[in-house]
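> My questions will all concern the structure given below.
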Amino acid sequence: YATPFKRTVNTAQPLAKLSKLPIQRYEASSGVLFLDSLLRNYEGRTVLVVGHSNTIPSLLNLLVGANEYEQLNDTDYDNIFVVAVARRGAASVTRLTFK
């Protein structure tokens, strides 16, 4: 999944091509609705979500059920969050950086 911006689509493109899957678009402002749809439709599966410095942290906060993640700097492009979800509000997050 990627928002309809060129930079997010370009970020998702290599994995989509390798996996032979289309990039599905989502609206960054859809928040809880998007997240609930992902959890319902992809339970137990792996999903890539490419978003923005001000949207990914809010999705992470919904997933962990706490306000643990602050908005990222607009120039911060090297974060990868690996999330294991038991249910919304009970997820574990591992933060990686790409250098």
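For the structure tokens, the naming scheme is as follows: chains receive sequential letters (A, B, ...) according to their order of presentation, residues are indexed from 1 within each chain, and ligands are indexed from 1 in presentation order.
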Can you tell me, as a list in words, what residues are no more than 12 Å from Ser37 in chain A when counting only C-alpha atoms, ignoring any on the same chain fewer than 4 positions away?
Tyr1, Tyr26, Ser30, Gly31, Val32, Leu33, Asn41, Tyr42, Glu43, Val47 and Arg88 of chain A
> Quick one: DSSP helix (DSSP H, G or I) residues in chain A, as an mmCIF file with N, CA and C atoms, in the first residue's frame?

```
data_model
loop_
_atom_site.group_PDB
_atom_site.id
_atom_site.type_symbol
_atom_site.label_atom_id
_atom_site.label_comp_id
_atom_site.auth_asym_id
_atom_site.auth_seq_id
_atom_site.Cartn_x
_atom_site.Cartn_y
_atom_site.Cartn_z
ATOM 1 N N LYS A 6 4.017 10.393 -5.620
ATOM 2 C CA LYS A 6 5.069 9.757 -6.416
ATOM 3 C C LYS A 6 6.153 9.133 -5.533
ATOM 4 N N ARG A 7 6.561 9.835 -4.473
ATOM 5 C CA ARG A 7 7.657 9.315 -3.644
ATOM 6 C C ARG A 7 7.261 8.047 -2.886
ATOM 7 N N THR A 8 6.015 7.928 -2.456
ATOM 8 C CA THR A 8 5.619 6.707 -1.756
ATOM 9 C C THR A 8 5.445 5.555 -2.738
ATOM 10 N N VAL A 9 4.886 5.842 -3.883
ATOM 11 C CA VAL A 9 4.741 4.811 -4.916
ATOM 12 C C VAL A 9 6.122 4.324 -5.354
ATOM 13 N N ASN A 10 7.062 5.236 -5.555
ATOM 14 C CA ASN A 10 8.418 4.853 -5.955
ATOM 15 C C ASN A 10 9.121 4.032 -4.878
ATOM 16 N N THR A 11 8.810 4.299 -3.625
ATOM 17 C CA THR A 11 9.397 3.520 -2.537
ATOM 18 C C THR A 11 8.862 2.089 -2.555
ATOM 19 N N ALA A 12 7.593 1.928 -2.809
ATOM 20 C CA ALA A 12 6.970 0.601 -2.812
ATOM 21 C C ALA A 12 7.261 -0.192 -4.086
ATOM 22 N N GLN A 13 7.605 0.482 -5.156
ATOM 23 C CA GLN A 13 7.729 -0.154 -6.471
ATOM 24 C C GLN A 13 8.689 -1.340 -6.526
ATOM 25 N N PRO A 14 9.912 -1.273 -5.995
ATOM 26 C CA PRO A 14 10.804 -2.436 -6.118
ATOM 27 C C PRO A 14 10.246 -3.710 -5.492
ATOM 28 N N LEU A 15 9.670 -3.617 -4.315
ATOM 29 C CA LEU A 15 9.103 -4.803 -3.681
ATOM 30 C C LEU A 15 7.863 -5.292 -4.422
ATOM 31 N N ALA A 16 7.051 -4.369 -4.895
ATOM 32 C CA ALA A 16 5.866 -4.759 -5.664
ATOM 33 C C ALA A 16 6.276 -5.513 -6.923
ATOM 34 N N LYS A 17 7.304 -5.020 -7.586
ATOM 35 C CA LYS A 17 7.778 -5.672 -8.809
ATOM 36 C C LYS A 17 8.343 -7.054 -8.497
ATOM 37 N N LEU A 18 9.155 -7.141 -7.459
ATOM 38 C CA LEU A 18 9.739 -8.411 -7.062
ATOM 39 C C LEU A 18 8.663 -9.416 -6.664
ATOM 40 N N SER A 19 7.635 -8.945 -5.977
ATOM 41 C CA SER A 19 6.545 -9.806 -5.503
ATOM 42 C C SER A 19 5.465 -10.034 -6.555
ATOM 43 N N ALA A 28 -3.895 8.794 3.087
ATOM 44 C CA ALA A 28 -3.224 8.925 4.379
ATOM 45 C C ALA A 28 -4.171 9.392 5.474
ATOM 46 N N SER A 29 -5.183 10.135 5.104
ATOM 47 C CA SER A 29 -6.115 10.675 6.093
ATOM 48 C C SER A 29 -7.146 9.645 6.563
ATOM 49 N N SER A 30 -7.155 8.452 5.980
ATOM 50 C CA SER A 30 -8.186 7.466 6.323
ATOM 51 C C SER A 30 -7.947 6.773 7.663
ATOM 52 N N GLY A 31 -6.754 6.852 8.213
ATOM 53 C CA GLY A 31 -6.416 6.403 9.558
ATOM 54 C C GLY A 31 -7.032 5.108 10.020
ATOM 55 N N VAL A 32 -7.951 5.189 10.978
ATOM 56 C CA VAL A 32 -8.553 4.015 11.609
ATOM 57 C C VAL A 32 -9.276 3.137 10.596
ATOM 58 N N LEU A 33 -9.985 3.733 9.657
ATOM 59 C CA LEU A 33 -10.707 2.927 8.661
ATOM 60 C C LEU A 33 -9.745 2.088 7.826
ATOM 61 N N PHE A 34 -8.651 2.708 7.389
ATOM 62 C CA PHE A 34 -7.636 1.993 6.612
ATOM 63 C C PHE A 34 -7.023 0.885 7.457
ATOM 64 N N LEU A 35 -6.650 1.210 8.667
ATOM 65 C CA LEU A 35 -6.018 0.245 9.549
ATOM 66 C C LEU A 35 -6.939 -0.937 9.834
ATOM 67 N N ASP A 36 -8.183 -0.672 10.157
ATOM 68 C CA ASP A 36 -9.132 -1.762 10.424
ATOM 69 C C ASP A 36 -9.338 -2.638 9.192
ATOM 70 N N SER A 37 -9.346 -2.017 8.015
ATOM 71 C CA SER A 37 -9.470 -2.777 6.778
ATOM 72 C C SER A 37 -8.254 -3.697 6.589
ATOM 73 N N LEU A 38 -7.066 -3.182 6.843
ATOM 74 C CA LEU A 38 -5.854 -4.008 6.735
ATOM 75 C C LEU A 38 -5.911 -5.194 7.693
ATOM 76 N N LEU A 39 -6.257 -4.916 8.933
ATOM 77 C CA LEU A 39 -6.291 -5.974 9.936
ATOM 78 C C LEU A 39 -7.334 -7.035 9.604
ATOM 79 N N ARG A 40 -8.431 -6.624 9.058
ATOM 80 C CA ARG A 40 -9.514 -7.555 8.697
ATOM 81 C C ARG A 40 -9.137 -8.382 7.462
ATOM 82 N N ASN A 41 -8.562 -7.738 6.462
ATOM 83 C CA ASN A 41 -8.314 -8.411 5.185
ATOM 84 C C ASN A 41 -6.984 -9.149 5.090
ATOM 85 N N ILE A 56 2.468 7.728 9.440
ATOM 86 C CA ILE A 56 2.908 6.416 9.929
ATOM 87 C C ILE A 56 2.942 6.380 11.460
ATOM 88 N N PRO A 57 3.480 7.420 12.138
ATOM 89 C CA PRO A 57 3.455 7.366 13.601
ATOM 90 C C PRO A 57 2.040 7.247 14.184
ATOM 91 N N SER A 58 1.069 7.902 13.600
ATOM 92 C CA SER A 58 -0.296 7.787 14.134
ATOM 93 C C SER A 58 -0.853 6.383 13.919
ATOM 94 N N LEU A 59 -0.535 5.743 12.793
ATOM 95 C CA LEU A 59 -0.951 4.348 12.585
ATOM 96 C C LEU A 59 -0.275 3.434 13.604
ATOM 97 N N LEU A 60 1.009 3.673 13.867
ATOM 98 C CA LEU A 60 1.719 2.876 14.864
ATOM 99 C C LEU A 60 1.084 3.029 16.242
ATOM 100 N N ASN A 61 0.726 4.257 16.590
ATOM 101 C CA ASN A 61 0.094 4.495 17.891
ATOM 102 C C ASN A 61 -1.228 3.751 18.013
ATOM 103 N N LEU A 62 -1.997 3.709 16.939
ATOM 104 C CA LEU A 62 -3.249 2.940 16.954
ATOM 105 C C LEU A 62 -2.970 1.449 17.129
ATOM 106 N N LEU A 63 -1.936 0.978 16.470
ATOM 107 C CA LEU A 63 -1.606 -0.443 16.548
ATOM 108 C C LEU A 63 -1.130 -0.867 17.929
ATOM 109 N N VAL A 64 -0.327 -0.023 18.584
ATOM 110 C CA VAL A 64 0.188 -0.396 19.909
ATOM 111 C C VAL A 64 -0.756 0.003 21.034
#
```
> Neighbouring residues of Asn73 in chain A were defined as those with any atom within 12 Å, considering only C-alpha atoms; residues of the same chain fewer than 4 positions away were excluded. Please report them as a PDB file with C-alpha atoms, in the first residue's frame.

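Okay, this is what ended up in out-v9.pdb:
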```pdb
ATOM      1  CA  HIS A  52       4.515   9.876   5.520  1.00  0.00           C
ATOM      2  CA  SER A  53       6.347  11.369   8.471  1.00  0.00           C
ATOM      3  CA  ASN A  54       3.059  12.593   9.914  1.00  0.00           C
ATOM      4  CA  THR A  55       0.886   9.545   9.182  1.00  0.00           C
ATOM      5  CA  ILE A  56       2.908   6.416   9.929  1.00  0.00           C
ATOM      6  CA  PRO A  57       3.455   7.366  13.601  1.00  0.00           C
ATOM      7  CA  TYR A  77      13.530   8.989   5.057  1.00  0.00           C
ATOM      8  CA  ASP A  78      15.365   6.044   6.579  1.00  0.00           C
ATOM      9  CA  ASN A  79      12.857   4.517   9.002  1.00  0.00           C
TER      10      ASN A  79
END
```
> How many Å lie between CA of Leu48 in chain A and CA of Glu70 in chain A, rounded to one decimal?
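Taking CA of Leu48 in chain A as the start and CA of Glu70 in chain A as the end point, the length is 20.3 Å.
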> Any idea what the distance is between CA of Ala84 in chain A and CA of Phe5 in chain A?
26.1 Å
> I'd like the neighbourhood of Val83 in chain A as a ChimeraX atom specification, where a residue qualifies if any of its atoms comes within 9 Å (using only C-alpha atoms), though same-chain residues fewer than 5 positions away should be ignored.
/A:60,63,91-95
> Work out how far apart CA of Val50 in chain A and CA of Leu21 in chain A are and give it in Å to one decimal.
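Separation of CA of Val50 in chain A and CA of Leu21 in chain A: 14.6 Å.
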> Please extract the residues of chain A with a backbone DSSP assignment of strand (DSSP E or B) and present them as a ChimeraX atom specification.
/A:2,25,50,79-87,90-97
> So, counting only C-alpha atoms, which residue among A:Lys99, A:Gln24, A:Ala90, A:Thr3 is closest to Gly51 in chain A?
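Of A:Lys99, A:Gln24, A:Ala90, A:Thr3, the one nearest Gly51 in chain A, counting only C-alpha atoms, is A:Thr3.
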